[in-house]
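Peer 1: Structure file run.pdb (PDB, C-alpha atoms) is given on the next line.
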```pdb
ATOM      1  CA  MET K   1     -13.429 -80.223 -11.270
ATOM      2  CA  ARG K   2     -13.035 -83.903 -11.973
ATOM      3  CA  ARG K   3      -9.632 -85.576 -12.216
ATOM      4  CA  PHE K   4      -9.863 -87.866 -15.245
ATOM      5  CA  TRP K   5      -8.431 -91.345 -15.054
ATOM      6  CA  VAL K   6      -9.803 -92.681 -18.318
ATOM      7  CA  ILE K   7     -10.959 -90.614 -21.276
ATOM      8  CA  GLY K   8     -13.252 -92.229 -23.790
ATOM      9  CA  GLY K   9     -12.782 -90.168 -26.926
ATOM     10  CA  ILE K  10     -15.419 -90.490 -29.608
ATOM     11  CA  GLY K  11     -15.336 -88.425 -32.796
ATOM     12  CA  PHE K  12     -18.085 -85.845 -33.011
ATOM     13  CA  GLY K  13     -18.911 -86.986 -36.542
ATOM     14  CA  VAL K  14     -20.545 -90.069 -35.021
ATOM     15  CA  CYS K  15     -21.991 -88.374 -31.925
ATOM     16  CA  LEU K  16     -25.595 -88.284 -33.055
ATOM     17  CA  CYS K  17     -25.528 -91.898 -34.205
ATOM     18  CA  PHE K  18     -23.930 -92.903 -30.913
ATOM     19  CA  VAL K  19     -26.643 -91.174 -28.894
ATOM     20  CA  ALA K  20     -29.356 -92.666 -31.056
ATOM     21  CA  LEU K  21     -28.002 -96.173 -30.547
ATOM     22  CA  LEU K  22     -27.713 -95.668 -26.810
ATOM     23  CA  LEU K  23     -31.269 -94.387 -26.584
ATOM     24  CA  VAL K  24     -32.771 -97.260 -28.516
ATOM     25  CA  GLY K  25     -34.603 -99.377 -26.005
ATOM     26  CA  THR K  26     -34.546 -96.768 -23.239
ATOM     27  CA  TYR K  27     -38.278 -97.015 -22.678
ATOM     28  CA  SER K  28     -38.445-100.766 -23.141
ATOM     29  CA  ALA K  29     -35.635-101.164 -20.629
ATOM     30  CA  ALA K  30     -37.410 -98.731 -18.336
ATOM     31  CA  ALA K  31     -40.590-100.786 -18.550
ATOM     32  CA  GLY K  32     -38.708-103.859 -17.415
ATOM     33  CA  ILE K  33     -37.221-102.019 -14.491
ATOM     34  CA  ALA K  34     -40.581-100.562 -13.495
ATOM     35  CA  ALA K  35     -41.989-104.069 -13.267
ATOM     36  CA  GLY K  36     -39.315-105.075 -10.794
ATOM     37  CA  GLY K  37     -40.084-102.532  -8.084
ATOM     38  CA  GLY K  38     -40.319-103.468  -4.468
ATOM     39  CA  GLY K  39     -40.377-102.201  -0.904
ATOM     40  CA  ARG K  40     -37.638-100.393   0.940
ATOM     41  CA  ALA K  41     -35.480-101.417   3.853
ATOM     42  CA  LEU K  42     -34.130 -99.611   6.882
ATOM     43  CA  GLY K  43     -30.623 -99.517   5.451
ATOM     44  CA  LEU K  44     -28.839 -96.410   4.164
ATOM     45  CA  THR K  45     -27.470 -96.256   0.657
ATOM     46  CA  LYS K  46     -23.675 -96.209   0.507
ATOM     47  CA  GLY K  47     -22.129 -92.772   0.885
ATOM     48  CA  ALA K  48     -25.388 -90.824   1.189
ATOM     49  CA  VAL K  49     -24.647 -90.052   4.834
ATOM     50  CA  PRO K  50     -21.070 -88.888   5.554
ATOM     51  CA  ALA K  51     -19.089 -91.828   6.913
ATOM     52  CA  LYS K  52     -18.384 -90.155  10.255
ATOM     53  CA  TYR K  53     -22.132 -89.875  10.939
ATOM     54  CA  GLN K  54     -23.405 -93.058   9.280
ATOM     55  CA  ALA K  55     -23.190 -95.315  12.336
ATOM     56  CA  LEU K  56     -24.941 -92.714  14.491
ATOM     57  CA  VAL K  57     -27.777 -92.254  12.002
ATOM     58  CA  GLN K  58     -28.158 -95.998  11.524
ATOM     59  CA  LYS K  59     -28.184 -96.667  15.277
ATOM     60  CA  TRP K  60     -30.468 -93.862  16.386
ATOM     61  CA  GLY K  61     -32.689 -93.993  13.314
ATOM     62  CA  VAL K  62     -34.343 -97.123  14.709
ATOM     63  CA  LEU K  63     -34.958 -95.671  18.169
ATOM     64  CA  CYS K  64     -38.720 -96.083  17.717
ATOM     65  CA  PRO K  65     -40.909 -97.826  15.124
ATOM     66  CA  THR K  66     -42.073 -94.546  13.547
ATOM     67  CA  LEU K  67     -38.551 -93.375  12.790
ATOM     68  CA  SER K  68     -36.124 -94.781  10.214
ATOM     69  CA  PRO K  69     -32.468 -94.022   9.435
ATOM     70  CA  ALA K  70     -33.513 -92.505   6.100
ATOM     71  CA  ILE K  71     -36.081 -90.179   7.709
ATOM     72  CA  LEU K  72     -33.531 -89.071  10.303
ATOM     73  CA  ALA K  73     -30.906 -88.550   7.577
ATOM     74  CA  ALA K  74     -33.348 -86.532   5.471
ATOM     75  CA  GLN K  75     -34.109 -84.255   8.407
ATOM     76  CA  LEU K  76     -30.441 -83.684   9.242
ATOM     77  CA  TYR K  77     -29.523 -83.025   5.625
ATOM     78  CA  SER K  78     -32.472 -80.668   5.223
ATOM     79  CA  GLU K  79     -31.663 -78.806   8.417
ATOM     80  CA  SER K  80     -27.905 -78.376   8.134
ATOM     81  CA  GLY K  81     -26.447 -80.142   5.117
ATOM     82  CA  TRP K  82     -24.405 -82.148   7.674
ATOM     83  CA  ASN K  83     -22.651 -78.971   8.876
ATOM     84  CA  PRO K  84     -22.084 -79.273  12.672
ATOM     85  CA  THR K  85     -21.131 -75.600  13.123
ATOM     86  CA  ILE K  86     -23.980 -73.880  11.274
ATOM     87  CA  VAL K  87     -26.164 -71.260  12.989
ATOM     88  CA  SER K  88     -29.457 -70.143  11.445
ATOM     89  CA  PRO K  89     -30.906 -66.612  11.584
ATOM     90  CA  ALA K  90     -33.316 -67.965  14.240
ATOM     91  CA  ASP K  91     -30.307 -69.104  16.349
ATOM     92  CA  ALA K  92     -30.877 -72.761  15.573
ATOM     93  CA  ARG K  93     -27.535 -74.445  16.196
ATOM     94  CA  GLY K  94     -25.476 -77.343  14.959
ATOM     95  CA  ILE K  95     -26.059 -80.359  12.783
ATOM     96  CA  ALA K  96     -29.627 -80.895  14.066
ATOM     97  CA  GLN K  97     -30.480 -77.162  14.226
ATOM     98  CA  PHE K  98     -31.850 -77.107  17.748
ATOM     99  CA  ILE K  99     -32.952 -73.796  19.207
ATOM    100  CA  PRO K 100     -31.350 -73.479  22.671
ATOM    101  CA  GLY K 101     -34.713 -73.509  24.477
ATOM    102  CA  THR K 102     -35.756 -76.742  22.782
ATOM    103  CA  TRP K 103     -32.327 -78.218  23.428
ATOM    104  CA  ALA K 104     -32.639 -77.471  27.135
ATOM    105  CA  THR K 105     -35.727 -79.692  27.263
ATOM    106  CA  HIS K 106     -34.957 -82.336  24.664
ATOM    107  CA  GLY K 107     -31.172 -82.524  24.336
ATOM    108  CA  ILE K 108     -29.677 -85.793  25.584
ATOM    109  CA  ASP K 109     -26.187 -87.051  26.366
ATOM    110  CA  GLY K 110     -25.994 -89.342  23.373
ATOM    111  CA  ASP K 111     -22.393 -90.436  23.811
ATOM    112  CA  GLY K 112     -22.512 -90.835  27.594
ATOM    113  CA  ASP K 113     -19.607 -88.489  28.289
ATOM    114  CA  GLY K 114     -21.438 -86.572  31.002
ATOM    115  CA  ASP K 115     -22.544 -83.509  29.045
ATOM    116  CA  ARG K 116     -25.181 -82.456  26.518
ATOM    117  CA  ASP K 117     -23.409 -80.461  23.833
ATOM    118  CA  ILE K 118     -25.631 -78.873  21.186
ATOM    119  CA  TRP K 119     -22.608 -78.592  18.862
ATOM    120  CA  ASP K 120     -21.494 -82.209  19.193
ATOM    121  CA  PRO K 121     -23.079 -84.513  16.567
ATOM    122  CA  ASN K 122     -22.628 -87.394  19.014
ATOM    123  CA  ASP K 123     -25.199 -85.673  21.222
ATOM    124  CA  ALA K 124     -27.210 -83.730  18.610
ATOM    125  CA  ILE K 125     -28.015 -86.646  16.295
ATOM    126  CA  PRO K 126     -29.278 -88.875  19.134
ATOM    127  CA  SER K 127     -31.216 -85.887  20.472
ATOM    128  CA  ALA K 128     -32.893 -85.340  17.101
ATOM    129  CA  ALA K 129     -33.952 -89.003  17.054
ATOM    130  CA  SER K 130     -35.142 -88.846  20.657
ATOM    131  CA  TYR K 131     -37.148 -85.699  19.937
ATOM    132  CA  ASP K 132     -38.761 -87.313  16.898
ATOM    133  CA  CYS K 133     -39.760 -90.334  18.967
ATOM    134  CA  THR K 134     -41.158 -88.142  21.737
ATOM    135  CA  LEU K 135     -43.331 -86.391  19.167
ATOM    136  CA  ALA K 136     -44.379 -89.725  17.676
ATOM    137  CA  LYS K 137     -45.510 -90.855  21.121
ATOM    138  CA  ASP K 138     -47.412 -87.601  21.669
ATOM    139  CA  VAL K 139     -49.486 -88.163  18.507
ATOM    140  CA  LYS K 140     -49.594 -91.969  18.466
ATOM    141  CA  ASN K 141     -53.395 -92.114  18.753
ATOM    142  CA  VAL K 142     -54.014 -89.738  15.861
ATOM    143  CA  PRO K 143     -55.396 -91.519  12.773
ATOM    144  CA  GLY K 144     -53.464 -91.580   9.517
ATOM    145  CA  ASP K 145     -49.823 -92.201   8.680
ATOM    146  CA  PRO K 146     -47.728 -92.276  11.899
ATOM    147  CA  VAL K 147     -44.608 -91.001  10.068
ATOM    148  CA  GLY K 148     -46.492 -88.096   8.533
ATOM    149  CA  ASN K 149     -48.039 -87.238  11.897
ATOM    150  CA  MET K 150     -44.644 -87.330  13.597
ATOM    151  CA  LEU K 151     -43.126 -85.017  10.999
ATOM    152  CA  ALA K 152     -46.124 -82.708  11.181
ATOM    153  CA  ALA K 153     -45.703 -82.532  14.948
ATOM    154  CA  TYR K 154     -42.034 -81.673  14.433
ATOM    155  CA  ASN K 155     -42.975 -78.808  12.125
ATOM    156  CA  ALA K 156     -46.212 -77.469  13.627
ATOM    157  CA  GLY K 157     -46.169 -78.903  17.129
ATOM    158  CA  PRO K 158     -48.075 -81.914  18.501
ATOM    159  CA  GLY K 159     -50.980 -79.692  19.559
ATOM    160  CA  ALA K 160     -51.778 -78.847  15.940
ATOM    161  CA  VAL K 161     -51.707 -82.522  14.946
ATOM    162  CA  LEU K 162     -53.994 -83.439  17.844
ATOM    163  CA  LYS K 163     -56.359 -80.579  17.044
ATOM    164  CA  HIS K 164     -56.702 -81.531  13.375
ATOM    165  CA  GLN K 165     -56.439 -85.281  13.992
ATOM    166  CA  GLY K 166     -53.712 -85.599  11.399
ATOM    167  CA  VAL K 167     -51.381 -83.434   9.363
ATOM    168  CA  PRO K 168     -52.815 -79.931   9.807
ATOM    169  CA  PRO K 169     -53.983 -77.969   6.760
ATOM    170  CA  TYR K 170     -51.001 -75.637   6.814
ATOM    171  CA  ARG K 171     -49.125 -75.273   3.542
ATOM    172  CA  GLU K 172     -45.752 -75.167   5.294
ATOM    173  CA  THR K 173     -46.441 -78.277   7.353
ATOM    174  CA  GLN K 174     -47.871 -80.282   4.474
ATOM    175  CA  GLY K 175     -44.886 -79.252   2.356
ATOM    176  CA  TYR K 176     -42.475 -80.273   5.099
ATOM    177  CA  VAL K 177     -44.022 -83.730   5.477
ATOM    178  CA  LYS K 178     -43.915 -84.319   1.727
ATOM    179  CA  ALA K 179     -40.366 -82.976   1.428
ATOM    180  CA  ILE K 180     -38.876 -85.142   4.181
ATOM    181  CA  THR K 181     -40.653 -88.349   3.153
ATOM    182  CA  THR K 182     -39.591 -87.770  -0.463
ATOM    183  CA  LEU K 183     -36.047 -86.765   0.419
ATOM    184  CA  ALA K 184     -35.719 -89.889   2.556
ATOM    185  CA  LYS K 185     -35.804 -91.939  -0.649
ATOM    186  CA  SER K 186     -32.419 -90.493  -1.613
ATOM    187  CA  PHE K 187     -30.950 -91.904   1.610
ATOM    188  CA  GLU K 188     -32.615 -95.321   1.590
ATOM    189  CA  LYS K 189     -30.882 -98.379   0.269
ATOM    190  CA  PRO K 190     -33.320 -99.664  -2.382
ATOM    191  CA  VAL K 191     -34.632-103.176  -1.931
ATOM    192  CA  GLY K 192     -35.935-103.561  -5.478
ATOM    193  CA  ARG K 193     -35.167-101.858  -8.749
ATOM    194  CA  VAL K 194     -35.530 -98.094  -8.967
ATOM    195  CA  ALA K 195     -38.380 -96.804 -11.141
ATOM    196  CA  PRO K 196     -37.257 -95.255 -14.450
ATOM    197  CA  SER K 197     -37.195 -91.537 -15.129
ATOM    198  CA  GLN K 198     -39.913 -90.233 -17.427
ATOM    199  CA  GLN K 199     -37.828 -87.183 -18.346
ATOM    200  CA  ALA K 200     -34.588 -88.994 -19.243
ATOM    201  CA  ALA K 201     -34.807 -88.834 -23.033
ATOM    202  CA  GLY K 202     -35.534 -85.099 -23.022
ATOM    203  CA  ALA K 203     -32.589 -84.369 -20.743
ATOM    204  CA  ILE K 204     -30.273 -86.366 -23.000
ATOM    205  CA  TYR K 205     -31.647 -84.630 -26.092
ATOM    206  CA  PHE K 206     -30.707 -81.271 -24.581
ATOM    207  CA  ALA K 207     -27.255 -82.424 -23.465
ATOM    208  CA  GLN K 208     -26.308 -84.042 -26.765
ATOM    209  CA  LYS K 209     -26.977 -80.728 -28.550
ATOM    210  CA  GLN K 210     -24.186 -79.205 -26.433
ATOM    211  CA  LEU K 211     -21.534 -81.688 -27.626
ATOM    212  CA  GLY K 212     -18.441 -79.862 -28.804
ATOM    213  CA  THR K 213     -19.161 -76.714 -26.768
ATOM    214  CA  PRO K 214     -16.117 -75.466 -24.815
ATOM    215  CA  TYR K 215     -16.214 -75.962 -21.040
ATOM    216  CA  LEU K 216     -16.575 -72.916 -18.777
ATOM    217  CA  TRP K 217     -16.061 -73.013 -15.018
ATOM    218  CA  GLY K 218     -19.298 -71.718 -13.484
ATOM    219  CA  GLY K 219     -20.989 -71.855 -16.877
ATOM    220  CA  ASN K 220     -24.780 -71.937 -16.992
ATOM    221  CA  GLY K 221     -25.151 -71.791 -20.776
ATOM    222  CA  THR K 222     -26.356 -68.175 -20.803
ATOM    223  CA  PRO K 223     -25.872 -65.937 -23.866
ATOM    224  CA  ASP K 224     -23.248 -63.836 -22.097
ATOM    225  CA  GLN K 225     -21.307 -67.085 -21.522
ATOM    226  CA  ASP K 226     -21.622 -68.083 -25.188
ATOM    227  CA  GLY K 227     -23.778 -71.043 -24.202
ATOM    228  CA  ARG K 228     -20.963 -72.722 -22.275
ATOM    229  CA  PHE K 229     -21.340 -74.948 -19.207
ATOM    230  CA  ASP K 230     -19.451 -76.620 -16.425
ATOM    231  CA  CYS K 231     -20.445 -80.123 -15.273
ATOM    232  CA  SER K 232     -23.311 -79.325 -12.903
ATOM    233  CA  GLY K 233     -24.421 -76.381 -15.023
ATOM    234  CA  LEU K 234     -24.947 -78.794 -17.924
ATOM    235  CA  THR K 235     -26.906 -81.359 -15.907
ATOM    236  CA  LYS K 236     -28.990 -78.609 -14.320
ATOM    237  CA  ALA K 237     -29.849 -77.137 -17.725
ATOM    238  CA  ALA K 238     -30.585 -80.574 -19.181
ATOM    239  CA  TYR K 239     -33.218 -81.286 -16.555
ATOM    240  CA  GLU K 240     -34.574 -77.735 -16.620
ATOM    241  CA  SER K 241     -35.336 -78.369 -20.301
ATOM    242  CA  VAL K 242     -37.860 -81.004 -19.167
ATOM    243  CA  GLY K 243     -39.297 -78.949 -16.320
ATOM    244  CA  ILE K 244     -37.213 -80.184 -13.376
ATOM    245  CA  THR K 245     -35.149 -77.679 -11.403
ATOM    246  CA  LEU K 246     -31.999 -79.106  -9.832
ATOM    247  CA  PRO K 247     -29.629 -77.390  -7.399
ATOM    248  CA  ARG K 248     -26.568 -75.767  -8.925
ATOM    249  CA  VAL K 249     -23.987 -77.829  -7.034
ATOM    250  CA  ALA K 250     -23.179 -81.455  -7.926
ATOM    251  CA  ASN K 251     -23.234 -82.808  -4.374
ATOM    252  CA  ASP K 252     -26.744 -81.430  -3.853
ATOM    253  CA  GLN K 253     -27.898 -82.852  -7.192
ATOM    254  CA  TYR K 254     -27.014 -86.270  -5.777
ATOM    255  CA  ASN K 255     -30.031 -86.067  -3.451
ATOM    256  CA  ALA K 256     -32.574 -85.396  -6.228
ATOM    257  CA  GLY K 257     -33.847 -88.974  -6.291
ATOM    258  CA  PRO K 258     -33.080 -92.613  -5.459
ATOM    259  CA  HIS K 259     -29.819 -94.313  -6.335
ATOM    260  CA  PRO K 260     -29.676 -97.162  -8.851
ATOM    261  CA  SER K 261     -26.734 -99.533  -8.673
ATOM    262  CA  ARG K 262     -24.099 -99.576 -11.409
ATOM    263  CA  ASN K 263     -25.691-102.532 -13.192
ATOM    264  CA  GLU K 264     -29.136-100.872 -13.104
ATOM    265  CA  LEU K 265     -28.154 -97.588 -14.765
ATOM    266  CA  LEU K 266     -30.424 -96.194 -17.455
ATOM    267  CA  PRO K 267     -29.873 -93.303 -19.881
ATOM    268  CA  GLY K 268     -30.694 -90.033 -18.128
ATOM    269  CA  ASP K 269     -29.295 -91.009 -14.739
ATOM    270  CA  LEU K 270     -26.840 -88.580 -13.199
ATOM    271  CA  VAL K 271     -23.453 -90.134 -12.449
ATOM    272  CA  PHE K 272     -21.151 -88.710  -9.793
ATOM    273  CA  PHE K 273     -17.436 -88.724  -9.014
ATOM    274  CA  SER K 274     -15.458 -88.046  -5.841
ATOM    275  CA  ASP K 275     -12.087 -88.577  -4.197
ATOM    276  CA  ASP K 276     -13.932 -89.695  -1.042
ATOM    277  CA  LEU K 277     -16.227 -92.592  -1.873
ATOM    278  CA  THR K 278     -17.770 -92.599   1.630
ATOM    279  CA  ASN K 279     -19.240 -89.084   1.646
ATOM    280  CA  SER K 280     -21.675 -87.620  -0.865
ATOM    281  CA  ARG K 281     -20.879 -84.118   0.394
ATOM    282  CA  GLU K 282     -17.414 -84.486  -1.161
ATOM    283  CA  ILE K 283     -18.764 -85.157  -4.687
ATOM    284  CA  ARG K 284     -16.994 -82.841  -7.100
ATOM    285  CA  HIS K 285     -18.180 -83.887 -10.560
ATOM    286  CA  VAL K 286     -21.348 -85.010 -12.342
ATOM    287  CA  GLY K 287     -22.255 -86.247 -15.815
ATOM    288  CA  LEU K 288     -25.355 -87.440 -17.661
ATOM    289  CA  TYR K 289     -25.393 -91.166 -18.359
ATOM    290  CA  VAL K 290     -26.306 -92.163 -21.926
ATOM    291  CA  GLY K 291     -25.765 -95.937 -21.810
ATOM    292  CA  GLY K 292     -23.008 -98.343 -22.762
ATOM    293  CA  GLY K 293     -20.786 -97.148 -19.913
ATOM    294  CA  TYR K 294     -20.640 -93.571 -21.264
ATOM    295  CA  MET K 295     -21.835 -90.163 -20.133
ATOM    296  CA  ILE K 296     -22.179 -86.760 -21.740
ATOM    297  CA  ASN K 297     -19.677 -84.749 -19.801
ATOM    298  CA  ALA K 298     -18.442 -81.188 -19.383
ATOM    299  CA  PRO K 299     -15.002 -82.173 -18.093
ATOM    300  CA  TYR K 300     -12.602 -79.286 -17.389
ATOM    301  CA  THR K 301     -11.170 -76.002 -18.652
ATOM    302  CA  GLY K 302      -9.639 -76.392 -22.077
ATOM    303  CA  ALA K 303     -11.878 -79.340 -23.048
ATOM    304  CA  VAL K 304     -15.238 -79.507 -24.780
ATOM    305  CA  ILE K 305     -18.475 -81.225 -23.821
ATOM    306  CA  ARG K 306     -18.009 -84.799 -24.994
ATOM    307  CA  PHE K 307     -18.577 -88.477 -24.275
ATOM    308  CA  ASP K 308     -16.486 -90.037 -21.495
ATOM    309  CA  LYS K 309     -16.464 -93.416 -19.802
ATOM    310  CA  ILE K 310     -17.902 -93.570 -16.308
ATOM    311  CA  ASP K 311     -15.979 -96.589 -15.022
ATOM    312  CA  THR K 312     -13.069 -94.874 -13.305
ATOM    313  CA  PRO K 313     -11.646 -95.223  -9.778
ATOM    314  CA  ASP K 314     -13.423 -92.046  -8.655
ATOM    315  CA  TYR K 315     -16.916 -93.183  -9.689
ATOM    316  CA  PHE K 316     -19.148 -92.539  -6.671
ATOM    317  CA  GLY K 317     -22.642 -93.563  -7.727
ATOM    318  CA  ALA K 318     -25.755 -92.448  -9.555
ATOM    319  CA  THR K 319     -29.090 -90.716  -9.025
ATOM    320  CA  ARG K 320     -32.309 -91.242 -10.941
ATOM    321  CA  VAL K 321     -33.772 -87.742 -10.887
ATOM    322  CA  THR K 322     -37.451 -87.366 -10.029
ATOM    323  CA  ARG K 323     -39.556 -84.226 -10.023
ATOM    324  CA  ASP K 324     -40.636 -84.813  -6.413
ATOM    325  CA  GLY K 325     -37.041 -85.555  -5.410
ATOM    326  CA  ALA K 326     -35.774 -82.303  -6.884
ATOM    327  CA  GLU K 327     -38.596 -80.296  -5.328
ATOM    328  CA  ALA K 328     -37.880 -81.811  -1.905
ATOM    329  CA  LEU K 329     -34.319 -80.510  -1.781
ATOM    330  CA  PRO K 330     -33.809 -77.736   0.789
ATOM    331  CA  ASP K 331     -33.285 -74.154  -0.252
ATOM    332  CA  ARG K 332     -30.027 -73.317   1.493
ATOM    333  CA  THR K 333     -30.761 -69.603   1.145
ATOM    334  CA  ALA K 334     -34.111 -69.755   2.924
ATOM    335  CA  GLY K 335     -33.053 -71.007   6.350
ATOM    336  CA  ALA K 336     -33.977 -74.349   7.900
ATOM    337  CA  THR K 337     -36.977 -75.322   9.976
ATOM    338  CA  ALA K 338     -35.668 -75.864  13.463
ATOM    339  CA  PRO K 339     -36.980 -77.782  16.462
TER     340      PRO K 339
END
```
Could you render the structure as structure tokens?
Peer 2:
Amino acid sequence: MRRFWVIGGIGFGVCLCFVALLLVGTYSAAAGIAAGGGGRALGLTKGAVPAKYQALVQKWGVLCPTLSPAILAAQLYSESGWNPTIVSPADARGIAQFIPGTWATHGIDGDGDGDRDIWDPNDAIPSAASYDCTLAKDVKNVPGDPVGNMLAAYNAGPGAVLKHQGVPPYRETQGYVKAITTLAKSFEKPVGRVAPSQQAAGAIYFAQKQLGTPYLWGGNGTPDQDGRFDCSGLTKAAYESVGITLPRVANDQYNAGPHPSRNELLPGDLVFFSDDLTNSREIRHVGLYVGGGYMINAPYTGAVIRFDKIDTPDYFGATRVTRDGAEALPDRTAGATAP
């Protein structure tokens, strides 16, 4: 639940006019932003990687030309959600989800303290990068995209990539390559402007119809809940109304696309709030930006869905949701792919 520093109260009698005014020019503004696109750098966007791991990911993510900090971050997030103590049903362990047999061959002493500890991120993160680069070297002569081939080798083994001379025709492997390369965009620091969302207006249309509805902790808007929502339930439902399925939890919704800066926000962007501005895993609140410095917001128990200002000390950042970005997010209930 978000702690509110500033509340922007707007009477519901003018809500529809307010939304209409904010939406005027959404597509024209989007067209201007689309024209300003550019390439991407090796930097990580602020807060996407927890601060205690950021330096490690940045350092080891450039271990070889095929790897990048964003690719490494996407793999770690997909595997463990940055949890250094997690164990999968397949006995994959730690933040990089190494199986002990693979660790025995590919684990390295990343911090130079004399041991190789599968549970220590200071060893596991460098080992994940080293393993990626080993795989990249194994398939370096295979035609096609070197990053895709490296990721395919991670998922299916280098033998399969060599046999098929590229990403093998396995649904799981092709899905993994697409998921990691797409998810990496939520960790990259954009060089140019972020492309606009095509579904933004529809998501806002859904959310503005909920204005005045009482907040419900855990609310998904179902009939048995009298159509009530909490913050992430509202944003999830808003994007489901335009065919995009987001995770239920706000800090996972943050990784559903790239991250526009504050001065590049467009209506439809998700805006996030946290007490720790260095760690996206600590995000605790989300709203739907509508323009003019305001969001549609399901704030807390006892309040109703309403407009609130976004410019508060706990403002963390924003995400421009994409269909591919949402589909790339890991299913935490399905278990991770482990090296």
Peer 1: What does the distance between CA of Leu162 (chain K) and CA of Ala124 (chain K) come to in Å, to one decimal place?
Peer 2: 26.8 Å
Peer 1: Using all atoms listed in the file, list the residues that have an atom at most 8 Å from (-31.9, -78.0, 20.6), coordinates as in the file, as a CSV table (one decimal) with C-alpha atoms, keeping the file's coordinate frame.
Peer 2:
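Printed below is point.csv as written:
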```
chain,number,residue,atom,x,y,z
K,92,ALA,CA,-30.9,-72.8,15.6
K,93,ARG,CA,-27.5,-74.4,16.2
K,96,ALA,CA,-29.6,-80.9,14.1
K,97,GLN,CA,-30.5,-77.2,14.2
K,98,PHE,CA,-31.8,-77.1,17.7
K,99,ILE,CA,-33.0,-73.8,19.2
K,100,PRO,CA,-31.4,-73.5,22.7
K,101,GLY,CA,-34.7,-73.5,24.5
K,102,THR,CA,-35.8,-76.7,22.8
K,103,TRP,CA,-32.3,-78.2,23.4
K,104,ALA,CA,-32.6,-77.5,27.1
K,105,THR,CA,-35.7,-79.7,27.3
K,106,HIS,CA,-35.0,-82.3,24.7
K,107,GLY,CA,-31.2,-82.5,24.3
K,118,ILE,CA,-25.6,-78.9,21.2
K,124,ALA,CA,-27.2,-83.7,18.6
K,127,SER,CA,-31.2,-85.9,20.5
K,339,PRO,CA,-37.0,-77.8,16.5
```
Peer 1: Between K:Ser261, K:Asn279, K:Gln225, K:Asn297, which has the minimum distance to Arg193 (chain K) (counting all atoms listed in the file)?
Peer 2: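 The shortest atom-to-atom distance to Arg193 (chain K) comes from K:Ser261.
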Peer 1: Measuring between all atoms listed in the file, which one of K:Ala179, K:Leu44, K:Val161, K:Leu246 shows the shortest distance to Gly144 (chain K)?
Peer 2: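 The answer is K:Val161, which sits nearest to Gly144 (chain K).
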Peer 1: So how many Å separate CA of Ser232 (chain K) and CA of Arg284 (chain K), to one decimal?
Peer 2: 9.3 Å
Peer 1: To test your reading of the syntax: which residues would the PyMOL selection byres ((chain K and resi 215) around 6) return for the file shown? Reply as an MDAnalysis selection string.
Peer 2: chainID K and resid 214 216 228:230 298 301 303:304
Peer 1: Of the candidates K:Ile204, K:Thr222, K:Thr45, K:Arg320, which shows the shortest atom-to-atom distance to Val242 (chain K), using only C-alpha atoms?
Peer 2: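 Distance minimum relative to Val242 (chain K) lands on K:Ile204.
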Peer 1: Which residue, K:Val321, K:His259, K:Asn155, K:Asp113, has the smallest gap to Thr235 (chain K) when you use all atoms listed in the file?
Peer 2: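 The shortest atom-to-atom distance to Thr235 (chain K) comes from K:Val321.
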Peer 1: Determine, counting all atoms listed in the file, which protein, DNA and RNA residues have an atom within 12 Å of an atom of Gly112 (chain K); residues of the same chain fewer than 6 positions away are not included. Present the result as a count of residues only.
Peer 2: 3
